[in-house]
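S.K.: I am attaching a structure below and will ask some questions about it afterwards.
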Amino acid sequence: MNALNKKTVEDIDVKGKRVLVRCDFNVPFDSDGNISDPKRIDEAMKTICYLRDHGAKVILCSHLGRPKGEFNPKYSLAPVGDYLSKKLGTEVRMAKDVIGESAKSIAANLKDGEVELLENVRFHKEEEKTTPLLRKSLLLSRRFTSTTHSGPRTGRTLPPRAWRITCPPYADT
């Protein structure tokens, strides 16, 4: 346990478990659609690598922009998935949805150490309204341990508080 008496990702055995990590991948893009500042993604890398190295089946989720609860390719997390794949040196399996068949199928077939990125959670109106529907859908669709990568707080929590495990902020190494 850390000095604040909160569990961190290092305090749990993640081997063989699906771990849902809520990340802050709301990054800026240039006019060509390329990520112009990947700092937020890079800050999550140590947590992602730790989970992979310890045999977790890593499921990443984030929001990007404000698509107002509807699918808009401009706000897709696909470029983030491509960036993560390059940084990790392995394929990050990109789901076409958050709680649909694509996300469930990929999550069910993840092997230890593999990574899935769910599509933008803000493509669901339930996420913007802070209703428990999206959280319940995630909980019912798969069993998981949840972490929240430390970063700016919005007041929204995807997993229930009892499941939240904070990830310590890491310095660049």
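Here's how to read the names in the structure tokens: chain A, B, ... by the order shown, residue numbers from 1 in each chain, ligand numbers from 1 in the order shown.
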With only C-alpha atoms counted and 8 Å as the cut-off, give the residues of region 90-116 of chain A in contact with region 46-52 of chain A, each with its shortest interatomic distance in Å and the pair that gives it, as CSV.
M.R.:
residue,atom,partner,partner_atom,distance
A:Asp112,CA,A:Arg52,CA,7.3
A:Gly113,CA,A:Arg52,CA,4.1
A:Glu114,CA,A:Arg52,CA,6.6
A:Val115,CA,A:Arg52,CA,7.7
S.K.: Do a neighbour search on Arg93 (chain A) at 9 Å with only C-alpha atoms, toss out local chain neighbours closer than 5 positions, and write the hits as a list in words.
M.R.: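 Within the cut-off, the hits are Gly81, Ser85, Ile106, Leu110, Glu114, Val115, Glu116, Leu117 and Leu118 of chain A.
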S.K.: For the residues in that selection, give me N, CA and C atoms as a compact mmCIF listing (two decimals), in the first residue's frame.
M.R.:
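Wrote part-v8.txt, looks like this:
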# COMPACT_ATOMS: atom_id res chain seq x y z
N GLY A 81 -5.20 3.90 -30.59
CA GLY A 81 -4.87 2.48 -30.65
C GLY A 81 -3.62 2.23 -31.50
N SER A 85 -0.12 0.75 -30.14
CA SER A 85 0.48 -0.45 -30.76
C SER A 85 1.96 -0.21 -31.08
N ILE A 106 -13.66 -9.43 -28.24
CA ILE A 106 -12.22 -9.22 -28.06
C ILE A 106 -11.84 -9.50 -26.60
N LEU A 110 -9.01 -12.32 -25.17
CA LEU A 110 -7.69 -11.80 -24.82
C LEU A 110 -6.88 -12.86 -24.10
N GLU A 114 -2.19 -9.35 -23.28
CA GLU A 114 -2.71 -8.65 -24.45
C GLU A 114 -3.53 -7.44 -24.03
N VAL A 115 -3.69 -6.50 -24.99
CA VAL A 115 -4.35 -5.23 -24.71
C VAL A 115 -5.48 -4.98 -25.70
N GLU A 116 -6.62 -4.55 -25.15
CA GLU A 116 -7.78 -4.14 -25.95
C GLU A 116 -8.05 -2.69 -25.64
N LEU A 117 -8.40 -1.92 -26.65
CA LEU A 117 -8.85 -0.54 -26.47
C LEU A 117 -10.30 -0.45 -26.91
N LEU A 118 -11.17 -0.08 -25.98
CA LEU A 118 -12.57 0.12 -26.31
C LEU A 118 -12.73 1.42 -27.08
S.K.: When distances are computed from only C-alpha atoms, which of A:Arg66, A:Lys57, A:Lys111, A:Arg40 shows the smallest separation from Val80 (chain A)?
M.R.: A:Arg40
S.K.: Out of region 4-93 of chain A, which residues get strand (DSSP E or B) from DSSP, as a ChimeraX atom specification?
M.R.: /A:8,18-22,29,35,57-61,92-93
S.K.: Go through A:Met45, A:Val14, A:Val9, A:Val98 one by one, measure the shortest atom-to-atom distance of each to Lys86 (chain A) using only C-alpha atoms, and give the residue with the smallest value.
M.R.: A:Met45
S.K.: What does the structure give for the distance between CA of Asp97 (chain A) and CA of Phe71 (chain A), in Å to one decimal?
M.R.: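 A separation of 9.3 Å between them.
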S.K.: Could you tell me which of A:Pro79, A:Thr8, A:Ser62, A:Ser105 comes closest to Asp32 (chain A) if we count only C-alpha atoms?
M.R.: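 Closest to Asp32 (chain A), using only C-alpha atoms: A:Pro79.
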S.K.: Given only C-alpha atoms as the basis, pick out the residue of A:Asp13, A:Gly33, A:Val92, A:Cys23 nearest to Pro73 (chain A).
M.R.: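 When distances to Pro73 (chain A) are compared using only C-alpha atoms, the smallest one comes from A:Gly33.
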S.K.: Run DSSP on the backbone of this structure and report the residues of region 69-109 of chain A it assigns to alpha helix (DSSP H), as a PyMOL selection string.
M.R.: chain A and resi 78-88+101-109
S.K.: Between CA of Glu43 (chain A) and CA of Asp24 (chain A), what is the spacing in Å?
M.R.: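 CA of Glu43 (chain A) lies 9.1 Å from CA of Asp24 (chain A).
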S.K.: Given only C-alpha atoms as the basis, pick out the residue of A:Glu10, A:Asp53, A:Glu70, A:Asp37 nearest to Phe25 (chain A).
M.R.: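 Comparing A:Glu10, A:Asp53, A:Glu70, A:Asp37 against Phe25 (chain A), the winner is A:Asp37.
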S.K.: Pick out the closest residue to Val27 (chain A) from this set: A:Val121, A:Leu64, A:Val58, A:Leu84. Count only C-alpha atoms.
M.R.: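 The closest residue to Val27 (chain A) is A:Leu64.
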